[in-house]
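Novice: mmCIF, C-alpha atoms, saved as my_file-v2.cif, coming up:
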```
data_coords
loop_
_atom_site.label_atom_id
_atom_site.label_comp_id
_atom_site.auth_asym_id
_atom_site.auth_seq_id
_atom_site.Cartn_x
_atom_site.Cartn_y
_atom_site.Cartn_z
CA MET A 1465 -11.28 24.09 -27.47
CA ALA A 1466 -12.05 27.66 -26.41
CA ILE A 1467 -14.05 26.43 -23.44
CA ARG A 1468 -11.19 24.22 -22.21
CA ILE A 1469 -8.68 27.06 -22.59
CA THR A 1470 -10.92 29.44 -20.68
CA SER A 1471 -11.41 26.93 -17.87
CA THR A 1472 -7.68 26.37 -17.53
CA PHE A 1473 -6.97 30.10 -17.64
CA LEU A 1474 -9.49 30.81 -14.88
CA PHE A 1475 -8.04 28.03 -12.76
CA PHE A 1476 -4.51 29.38 -13.24
CA LEU A 1477 -5.73 32.89 -12.39
CA SER A 1478 -7.32 31.61 -9.19
CA VAL A 1479 -4.03 29.97 -8.28
CA LEU A 1480 -2.21 33.28 -8.65
CA LEU A 1481 -4.85 35.21 -6.71
CA CYS A 1482 -4.71 32.83 -3.77
CA GLY A 1483 -0.96 33.26 -3.59
CA CYS A 1484 -0.05 29.70 -4.45
CA ASP A 1485 0.91 27.66 -7.49
CA SER A 1486 1.14 24.08 -8.68
CA ARG A 1487 4.66 23.68 -7.32
CA PRO A 1488 5.25 22.00 -3.96
CA ARG A 1489 5.04 24.23 -0.92
CA THR A 1490 8.53 23.61 0.37
CA SER A 1491 10.90 25.96 2.11
CA THR A 1492 14.65 26.21 2.41
CA THR A 1493 14.29 26.98 6.09
CA ALA A 1494 11.31 24.92 7.23
CA PRO A 1495 12.01 21.20 7.69
CA ASN A 1496 9.65 18.50 6.47
CA ARG A 1497 6.87 17.93 8.90
CA ASN A 1498 7.26 14.96 11.22
CA ILE A 1499 5.30 11.73 11.15
CA TRP A 1500 2.30 12.28 13.35
CA THR A 1501 2.51 10.99 16.88
CA ALA A 1502 -0.32 8.79 18.14
CA GLU A 1503 -1.66 11.79 20.03
CA GLU A 1504 -1.66 13.99 16.94
CA ALA A 1505 -3.25 11.25 14.83
CA ASN A 1506 -5.98 10.60 17.38
CA ASP A 1507 -6.68 14.30 17.79
CA TRP A 1508 -7.25 14.48 14.02
CA TYR A 1509 -9.42 11.37 14.02
CA ALA A 1510 -11.55 12.65 16.89
CA ARG A 1511 -12.64 15.50 14.65
CA GLN A 1512 -13.97 13.11 11.99
CA LYS A 1513 -17.33 11.42 11.89
CA TRP A 1514 -17.21 7.67 11.34
CA LEU A 1515 -15.66 7.48 7.85
CA VAL A 1516 -17.40 5.14 5.42
CA GLY A 1517 -17.27 5.15 1.62
CA PRO A 1518 -16.26 3.22 -1.49
CA ASN A 1519 -13.12 2.81 -3.52
CA TYR A 1520 -14.48 4.92 -6.34
CA THR A 1521 -13.98 4.90 -10.09
CA PRO A 1522 -16.80 6.23 -12.29
CA ALA A 1523 -18.63 3.55 -14.28
CA THR A 1524 -17.44 5.19 -17.50
CA ALA A 1525 -13.72 4.67 -16.72
CA ILE A 1526 -11.82 1.41 -17.11
CA ASN A 1527 -8.88 2.70 -15.07
CA GLN A 1528 -7.21 5.72 -13.47
CA LEU A 1529 -6.10 7.14 -16.82
CA GLU A 1530 -9.56 7.08 -18.29
CA MET A 1531 -10.88 8.72 -15.14
CA TRP A 1532 -8.40 11.61 -15.19
CA GLN A 1533 -7.34 12.28 -18.79
CA GLU A 1534 -8.94 15.36 -20.32
CA ASP A 1535 -10.77 13.59 -23.14
CA THR A 1536 -12.50 11.08 -20.86
CA PHE A 1537 -12.88 12.98 -17.58
CA ASP A 1538 -16.61 12.69 -16.85
CA PRO A 1539 -17.85 15.17 -14.23
CA GLU A 1540 -21.50 14.48 -15.04
CA THR A 1541 -21.20 10.80 -14.14
CA ILE A 1542 -19.04 11.59 -11.11
CA ASP A 1543 -21.63 14.07 -9.85
CA LYS A 1544 -24.45 11.58 -10.30
CA GLU A 1545 -22.65 8.65 -8.68
CA LEU A 1546 -21.27 10.58 -5.73
CA GLY A 1547 -24.85 11.67 -5.16
CA TRP A 1548 -25.78 8.00 -4.83
CA ALA A 1549 -22.98 7.56 -2.29
CA ALA A 1550 -24.22 10.53 -0.28
CA GLY A 1551 -27.70 9.05 -0.42
CA LEU A 1552 -26.40 6.03 1.49
CA GLY A 1553 -24.89 8.30 4.14
CA MET A 1554 -21.31 7.82 2.90
CA ASN A 1555 -18.91 10.67 3.61
CA THR A 1556 -15.63 9.64 1.97
CA ALA A 1557 -14.20 7.75 -1.01
CA ARG A 1558 -10.80 6.31 -1.86
CA VAL A 1559 -9.78 7.53 -5.31
CA TYR A 1560 -6.73 6.61 -7.41
CA LEU A 1561 -4.62 9.21 -9.18
CA HIS A 1562 -1.87 8.37 -11.70
CA ASP A 1563 1.54 9.82 -12.53
CA LEU A 1564 1.05 9.94 -16.32
CA PRO A 1565 -1.69 12.62 -16.47
CA TYR A 1566 0.53 14.86 -14.34
CA GLU A 1567 3.48 14.30 -16.67
CA GLN A 1568 1.30 14.99 -19.71
CA ASP A 1569 -0.43 18.15 -18.44
CA SER A 1570 0.16 19.02 -14.80
CA LEU A 1571 -2.02 22.13 -14.78
CA GLY A 1572 -4.88 20.37 -16.53
CA PHE A 1573 -4.61 17.44 -14.10
CA LEU A 1574 -4.71 19.78 -11.10
CA THR A 1575 -7.73 21.50 -12.65
CA ARG A 1576 -9.57 18.20 -12.97
CA ILE A 1577 -8.68 17.18 -9.41
CA ASP A 1578 -10.06 20.50 -8.23
CA ARG A 1579 -13.25 19.90 -10.23
CA PHE A 1580 -13.56 16.44 -8.67
CA LEU A 1581 -13.13 17.95 -5.21
CA GLN A 1582 -15.85 20.49 -5.96
CA LEU A 1583 -18.25 17.68 -6.85
CA ALA A 1584 -17.25 15.57 -3.86
CA ASP A 1585 -17.63 18.53 -1.52
CA LYS A 1586 -21.07 19.22 -2.96
CA HIS A 1587 -22.11 15.77 -1.72
CA GLY A 1588 -20.29 15.93 1.62
CA ILE A 1589 -17.58 13.46 0.57
CA ARG A 1590 -13.90 13.98 1.44
CA PRO A 1591 -11.67 11.65 -0.59
CA LEU A 1592 -8.55 9.73 0.32
CA LEU A 1593 -6.34 10.15 -2.76
CA VAL A 1594 -3.93 7.38 -3.85
CA PHE A 1595 -0.67 8.18 -5.66
CA PHE A 1596 0.89 4.85 -6.66
CA ASP A 1597 -0.41 1.30 -7.17
CA SER A 1598 1.39 -2.02 -7.77
CA CYS A 1599 -1.69 -3.92 -8.99
CA TRP A 1600 -2.67 -5.21 -12.44
CA ASP A 1601 -1.13 -4.08 -15.77
CA PRO A 1602 2.56 -3.05 -15.34
CA PHE A 1603 2.65 -1.17 -18.66
CA PRO A 1604 0.42 1.93 -18.51
CA VAL A 1605 0.25 4.10 -21.63
CA SER A 1606 -1.35 7.54 -21.89
CA GLY A 1607 -4.07 8.18 -24.44
CA LYS A 1608 -7.01 6.10 -25.52
CA GLN A 1609 -7.45 3.09 -23.25
CA ARG A 1610 -8.47 -0.38 -24.43
CA THR A 1611 -12.03 -1.60 -24.16
CA PRO A 1612 -12.86 -3.97 -21.31
CA LYS A 1613 -12.25 -7.66 -21.88
CA PRO A 1614 -15.73 -9.20 -21.47
CA HIS A 1615 -16.49 -10.62 -18.02
CA VAL A 1616 -12.97 -10.04 -16.60
CA HIS A 1617 -12.31 -8.28 -13.30
CA ASN A 1618 -10.30 -5.05 -13.74
CA SER A 1619 -9.19 -6.02 -17.24
CA GLY A 1620 -7.79 -2.54 -17.94
CA TRP A 1621 -6.48 -1.31 -14.57
CA VAL A 1622 -2.87 -0.10 -14.69
CA GLN A 1623 0.00 0.26 -12.26
CA SER A 1624 1.58 3.54 -11.26
CA PRO A 1625 4.42 3.93 -11.84
CA GLY A 1626 4.66 1.37 -14.59
CA GLN A 1627 7.42 -1.22 -14.78
CA TYR A 1628 9.60 0.84 -17.10
CA ALA A 1629 9.59 3.81 -14.72
CA LEU A 1630 10.06 1.59 -11.69
CA LYS A 1631 13.24 0.12 -13.19
CA ASP A 1632 14.55 3.45 -14.51
CA SER A 1633 15.83 5.69 -11.71
CA THR A 1634 16.22 8.57 -14.16
CA GLN A 1635 12.41 8.81 -14.13
CA TYR A 1636 12.24 9.19 -10.34
CA PRO A 1637 12.61 13.00 -10.50
CA ARG A 1638 9.38 13.25 -12.51
CA LEU A 1639 7.65 11.00 -9.95
CA GLU A 1640 8.94 13.32 -7.25
CA ARG A 1641 7.52 16.32 -9.13
CA TYR A 1642 4.17 14.52 -9.37
CA VAL A 1643 3.89 13.79 -5.65
CA LYS A 1644 5.19 17.17 -4.53
CA GLY A 1645 3.19 19.02 -7.16
CA VAL A 1646 -0.16 17.48 -6.28
CA ILE A 1647 0.25 17.57 -2.51
CA GLY A 1648 1.89 20.98 -2.64
CA HIS A 1649 -1.10 22.42 -4.44
CA PHE A 1650 -3.71 20.85 -2.14
CA ALA A 1651 -1.67 20.65 1.08
CA ASN A 1652 -4.10 22.74 3.10
CA ASP A 1653 -7.29 21.83 1.26
CA GLY A 1654 -9.93 20.77 3.77
CA ARG A 1655 -11.88 18.94 1.06
CA ILE A 1656 -9.24 16.17 1.08
CA LEU A 1657 -9.30 13.57 3.84
CA GLY A 1658 -5.76 12.28 3.32
CA TRP A 1659 -3.12 10.81 1.02
CA ASP A 1660 -2.57 7.09 0.43
CA VAL A 1661 1.01 6.99 -0.82
CA TRP A 1662 1.09 3.50 -2.40
CA ASN A 1663 -1.52 0.78 -2.79
CA GLU A 1664 -0.35 -2.79 -2.06
CA PRO A 1665 3.25 -1.93 -2.95
CA ASP A 1666 4.52 -5.53 -2.85
CA ASN A 1667 1.65 -7.05 -4.84
CA MET A 1668 2.97 -9.31 -7.63
CA THR A 1669 -0.41 -9.28 -9.47
CA GLY A 1670 -1.14 -13.01 -9.21
CA PRO A 1671 -2.11 -14.89 -12.38
CA SER A 1672 -3.12 -11.74 -14.26
CA TYR A 1673 0.32 -10.29 -15.02
CA GLU A 1674 2.71 -12.25 -12.81
CA ALA A 1675 4.63 -13.64 -15.79
CA MET A 1676 5.41 -10.07 -16.87
CA GLU A 1677 6.39 -8.75 -13.45
CA ILE A 1678 9.94 -8.00 -12.36
CA LYS A 1679 10.96 -11.00 -10.25
CA ASP A 1680 12.62 -8.75 -7.66
CA LYS A 1681 9.93 -6.07 -7.86
CA VAL A 1682 9.95 -5.43 -4.11
CA ALA A 1683 13.66 -4.57 -4.27
CA TYR A 1684 12.71 -1.63 -6.51
CA VAL A 1685 9.52 -0.68 -4.71
CA LEU A 1686 10.81 -0.65 -1.13
CA PRO A 1687 13.34 2.20 -1.51
CA LEU A 1688 11.04 4.12 -3.85
CA LEU A 1689 8.20 3.87 -1.33
CA ALA A 1690 10.50 5.33 1.31
CA GLN A 1691 11.33 8.19 -1.05
CA ALA A 1692 7.66 8.71 -1.89
CA PHE A 1693 6.84 9.20 1.79
CA GLU A 1694 9.68 11.73 2.02
CA TRP A 1695 8.42 13.59 -1.04
CA ALA A 1696 4.89 13.66 0.31
CA ARG A 1697 5.97 14.85 3.75
CA SER A 1698 8.24 17.54 2.28
CA ALA A 1699 5.14 19.26 0.88
CA ASN A 1700 3.94 19.70 4.47
CA PRO A 1701 0.38 18.41 4.02
CA ALA A 1702 -2.17 19.24 6.69
CA GLN A 1703 -3.80 15.90 5.83
CA PRO A 1704 -2.44 12.52 7.04
CA LEU A 1705 -0.28 10.15 5.00
CA THR A 1706 -0.73 6.38 4.92
CA SER A 1707 -0.02 3.20 2.96
CA GLY A 1708 -2.03 0.11 3.74
CA ILE A 1709 -0.64 -3.30 4.63
CA TRP A 1710 -2.64 -6.05 2.99
CA ALA A 1711 -1.19 -9.58 3.36
CA GLY A 1712 1.04 -11.20 5.95
CA ASP A 1713 1.43 -11.97 9.63
CA TRP A 1714 0.72 -8.85 11.66
CA SER A 1715 0.63 -10.53 15.05
CA SER A 1716 3.85 -8.83 16.21
CA ASP A 1717 6.44 -6.39 14.92
CA SER A 1718 8.90 -9.25 14.49
CA THR A 1719 6.66 -11.02 11.95
CA LEU A 1720 6.18 -8.00 9.69
CA LYS A 1721 7.87 -7.92 6.30
CA PRO A 1722 10.33 -5.04 5.80
CA ILE A 1723 7.91 -3.25 3.50
CA GLU A 1724 5.12 -3.58 6.07
CA ARG A 1725 7.34 -2.13 8.79
CA LEU A 1726 8.11 0.80 6.51
CA GLN A 1727 4.43 1.36 5.73
CA ILE A 1728 3.44 1.36 9.38
CA GLU A 1729 6.39 3.44 10.60
CA GLN A 1730 5.92 6.11 7.93
CA SER A 1731 2.13 6.34 8.15
CA ASP A 1732 0.44 9.08 10.18
CA ILE A 1733 -2.60 6.82 10.43
CA ILE A 1734 -2.65 3.04 9.97
CA SER A 1735 -4.48 1.53 7.02
CA PHE A 1736 -5.00 -2.08 5.99
CA HIS A 1737 -7.00 -4.35 3.68
CA ASN A 1738 -9.11 -7.36 4.55
CA TYR A 1739 -11.26 -9.51 2.27
CA ASP A 1740 -11.67 -12.46 4.64
CA THR A 1741 -14.25 -13.42 7.25
CA PRO A 1742 -15.63 -11.10 9.94
CA GLU A 1743 -13.69 -13.11 12.53
CA ASP A 1744 -10.40 -12.53 10.71
CA PHE A 1745 -11.28 -8.87 10.20
CA GLU A 1746 -11.77 -8.37 13.94
CA LYS A 1747 -8.54 -10.23 14.69
CA ARG A 1748 -6.64 -7.93 12.33
CA ILE A 1749 -8.09 -4.86 14.02
CA GLN A 1750 -7.01 -6.14 17.42
CA GLN A 1751 -3.50 -6.83 16.16
CA LEU A 1752 -3.11 -3.32 14.75
CA GLN A 1753 -4.49 -1.59 17.83
CA ARG A 1754 -1.06 -1.95 19.45
CA TYR A 1755 0.14 1.06 17.46
CA GLY A 1756 -2.35 3.32 19.20
CA LYS A 1757 -3.27 5.17 16.01
CA PRO A 1758 -6.54 5.49 14.04
CA LEU A 1759 -7.29 2.50 11.80
CA LEU A 1760 -8.65 2.68 8.26
CA CYS A 1761 -9.70 -0.44 6.38
CA THR A 1762 -9.13 0.91 2.90
CA GLU A 1763 -10.28 -2.24 1.07
CA TYR A 1764 -12.90 -4.87 1.97
CA MET A 1765 -16.15 -6.41 0.66
CA ALA A 1766 -15.89 -9.49 -1.51
CA ARG A 1767 -19.16 -11.32 -1.06
CA PRO A 1768 -18.06 -14.89 -1.93
CA ASN A 1769 -15.19 -14.59 0.58
CA GLY A 1770 -17.56 -13.75 3.43
CA SER A 1771 -16.49 -10.09 3.43
CA THR A 1772 -19.81 -8.25 3.45
CA PHE A 1773 -21.37 -5.03 4.66
CA ALA A 1774 -23.56 -6.83 7.20
CA GLY A 1775 -20.59 -8.81 8.52
CA PHE A 1776 -17.95 -6.06 8.62
CA LEU A 1777 -19.59 -2.70 9.24
CA PRO A 1778 -20.95 -3.49 12.74
CA ILE A 1779 -17.46 -4.64 13.81
CA ALA A 1780 -15.89 -1.53 12.32
CA LYS A 1781 -18.40 0.67 14.10
CA LYS A 1782 -17.62 -1.07 17.39
CA TYR A 1783 -13.89 -0.30 17.02
CA ASN A 1784 -14.36 3.02 15.19
CA VAL A 1785 -12.47 1.81 12.11
CA ALA A 1786 -12.93 3.81 8.89
CA MET A 1787 -14.23 1.63 6.03
CA PHE A 1788 -13.72 1.76 2.26
CA ASN A 1789 -15.40 -1.05 0.33
CA TRP A 1790 -14.05 -1.98 -3.09
CA GLY A 1791 -16.20 -0.78 -5.97
CA PHE A 1792 -19.38 1.20 -6.23
CA VAL A 1793 -21.18 1.13 -9.60
CA ASP A 1794 -21.02 -1.75 -12.08
CA GLY A 1795 -19.14 -0.32 -15.04
CA LYS A 1796 -16.05 -0.67 -17.17
CA THR A 1797 -13.87 -2.03 -14.35
CA GLN A 1798 -16.23 -5.06 -14.24
CA THR A 1799 -15.49 -5.81 -10.61
CA ILE A 1800 -18.78 -7.62 -10.17
CA TYR A 1801 -16.69 -10.52 -11.53
CA PRO A 1802 -14.26 -12.26 -9.13
CA TRP A 1803 -10.47 -12.25 -9.25
CA ASP A 1804 -10.53 -15.75 -10.74
CA SER A 1805 -12.13 -14.39 -13.93
CA TRP A 1806 -8.53 -14.08 -15.16
CA THR A 1807 -8.24 -17.88 -15.16
CA LYS A 1808 -11.89 -19.02 -15.30
CA THR A 1809 -14.26 -18.18 -18.15
CA TYR A 1810 -17.46 -16.29 -17.37
CA THR A 1811 -20.04 -15.65 -20.07
CA ALA A 1812 -22.68 -13.80 -18.07
CA GLU A 1813 -23.22 -11.94 -14.81
CA PRO A 1814 -21.84 -14.10 -11.97
CA PRO A 1815 -24.35 -15.77 -9.65
CA LEU A 1816 -23.02 -13.61 -6.81
CA TRP A 1817 -21.47 -10.20 -7.44
CA PHE A 1818 -17.91 -9.96 -6.15
CA HIS A 1819 -17.81 -6.16 -5.59
CA ASP A 1820 -19.97 -3.07 -6.27
CA ILE A 1821 -23.26 -1.82 -4.82
CA PHE A 1822 -25.24 -0.31 -7.70
CA ARG A 1823 -26.15 -1.23 -11.23
CA GLY A 1824 -25.44 1.35 -13.90
CA ASP A 1825 -28.92 2.85 -13.64
CA GLY A 1826 -28.57 3.45 -9.90
CA THR A 1827 -30.67 0.54 -8.68
CA PRO A 1828 -29.08 -1.46 -5.85
CA TYR A 1829 -27.71 -4.92 -6.54
CA ARG A 1830 -29.22 -5.94 -3.19
CA GLN A 1831 -31.70 -3.69 -1.45
CA GLU A 1832 -31.03 -5.35 1.90
CA GLU A 1833 -27.36 -4.30 1.70
CA VAL A 1834 -28.32 -0.71 1.02
CA ASP A 1835 -30.71 -0.84 3.96
CA VAL A 1836 -27.94 -2.11 6.26
CA ILE A 1837 -25.55 0.63 5.15
CA LYS A 1838 -28.14 3.37 5.59
CA GLN A 1839 -29.18 2.07 8.99
CA LEU A 1840 -25.63 1.96 10.32
CA LEU A 1841 -24.70 5.37 8.88
CA THR A 1842 -27.83 7.23 9.94
CA ASN A 1843 -26.67 7.65 13.51
CA ARG A 1844 -22.91 7.92 13.69
#
```
Show the structure stored in the file as structure tokens.

Specialist:
Amino acid sequence: MAIRITSTFLFFLSVLLCGCDSRPRTSTTAPNRNIWTAEEANDWYARQKWLVGPNYTPATAINQLEMWQEDTFDPETIDKELGWAAGLGMNTARVYLHDLPYEQDSLGFLTRIDRFLQLADKHGIRPLLVFFDSCWDPFPVSGKQRTPKPHVHNSGWVQSPGQYALKDSTQYPRLERYVKGVIGHFANDGRILGWDVWNEPDNMTGPSYEAMEIKDKVAYVLPLLAQAFEWARSANPAQPLTSGIWAGDWSSDSTLKPIERLQIEQSDIISFHNYDTPEDFEKRIQQLQRYGKPLLCTEYMARPNGSTFAGFLPIAKKYNVAMFNWGFVDGKTQTIYPWDSWTKTYTAEPPLWFHDIFRGDGTPYRQEEVDVIKQLLTNR
């Protein structure tokens, strides 16, 4: 206990010495910063090397809560695994936060984020941090998390905010404090690549939790997403904001869903997901090029679907699209199993891994994949 108190005290002291605190950096006179123009976004992107990395959760965490709560935060595993990422030549990672650790202990949460950034920076990795997520379990609860359900993909992943908070507008002020508090503290931190405001906001979770979802979920999410962008921008981050579109017809502005139009209009840089074939991936890139902004593919790589490193990375390099594959180390998220593991019974390792690159001991699932990644990332 004394060690944890000392660590928190030193962190708080450093906050005071640097002339900032955990509250959002807002001003009564300075307006919120504007959405980046295409010129501003491309100027920022021109200063980056080709961005490639995983969607990262340590193997010891079943979900965002287990990653970030004090009792289960695991810097030793994070340090080791980010070292493996750096060994491939990766220079970024997409990492999910959660509103509940901030509500429970905002200073402790900021301390752990700072510790994560120290480890990432040590390995030359600048993360894209995600605030909210509409996927999987709609009922997150702080504290000890359940054990993984054997052979089931993401059996313990939780939404943020949960369904109760989403339906209860009296909880929105605490969500506002969370977004403003985190961005406000790290608004000018060069170790952070950017902020992903909401992952797949209109996802209804498919067969996993669809029966428990609010039938008009998007009616709640759409206005809250708009507010979340406002909260994030009010903290005046030096880093870009985004929220990735993931399913639909993107061939023209007229075919976009309202939530997709909001995501694109409010994003400083454009992000999207694609788990289909290389041909479809390239088509999606070409469709989104009309916005004239940098493109980030923040989710891809599902081997049985035809979404692979060998198939996607050369196309991404051709168009200078940043790439974040889903998963990294086989662990408690169990994303080596496919999405259909919620409806189909698996009793052993699947014949073809769905996601992830490494086994728990650091050996590659497929050496040829690792060789492809290293080869493409050696000379950016």

Novice: I want to know what sits within 7 Å of Ala1550 in chain A, based on all atoms listed in the file, with residues of the same chain fewer than 5 positions away left out; could you give that as a list in words?

Specialist: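 Listed by chain and then number, they are Asn1555, His1587 and Gly1588 of chain A.
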
Novice: Do you have, as JSON lines, the list of residues of range 1531-1618 of chain A lying at most 9 Å from range 1782-1789 of chain A, each with its nearest atom pair and that distance in Å to one decimal, counting all atoms listed in the file and ordered by chain then number?

Specialist:
```
{"residue": "A:Thr1556", "atom": "CA", "partner": "A:Phe1788", "partner_atom": "CA", "distance": 8.1}
{"residue": "A:Ala1557", "atom": "CA", "partner": "A:Phe1788", "partner_atom": "CA", "distance": 6.8}
{"residue": "A:Arg1558", "atom": "CA", "partner": "A:Phe1788", "partner_atom": "CA", "distance": 6.8}
```

Novice: Just checking: using all atoms listed in the file, which residue out of A:Phe1776, A:Trp1548, A:Phe1650, A:Trp1621 ends up closest to Gln1528 in chain A?

Specialist: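 Looking at the shortest contact to Gln1528 in chain A, the residue is A:Trp1621.
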
Novice: Written as a VMD selection string, what is the full residue list that the PyMOL selection byres ((chain A and resi 1802) around 12) yields on the file shown?

Specialist: chain A and resid 1615 to 1619 1765 to 1769 1790 1797 to 1801 1803 to 1810 1813 to 1820

Novice: Can you translate the PyMOL selection byres ((chain A and resi 1704-1707) around 9) into the concrete residues it hits in this file, as a VMD selection string?

Specialist: chain A and resid 1499 to 1500 1505 1508 1594 1657 to 1665 1693 1696 to 1697 1701 to 1703 1708 to 1709 1727 to 1728 1730 to 1736
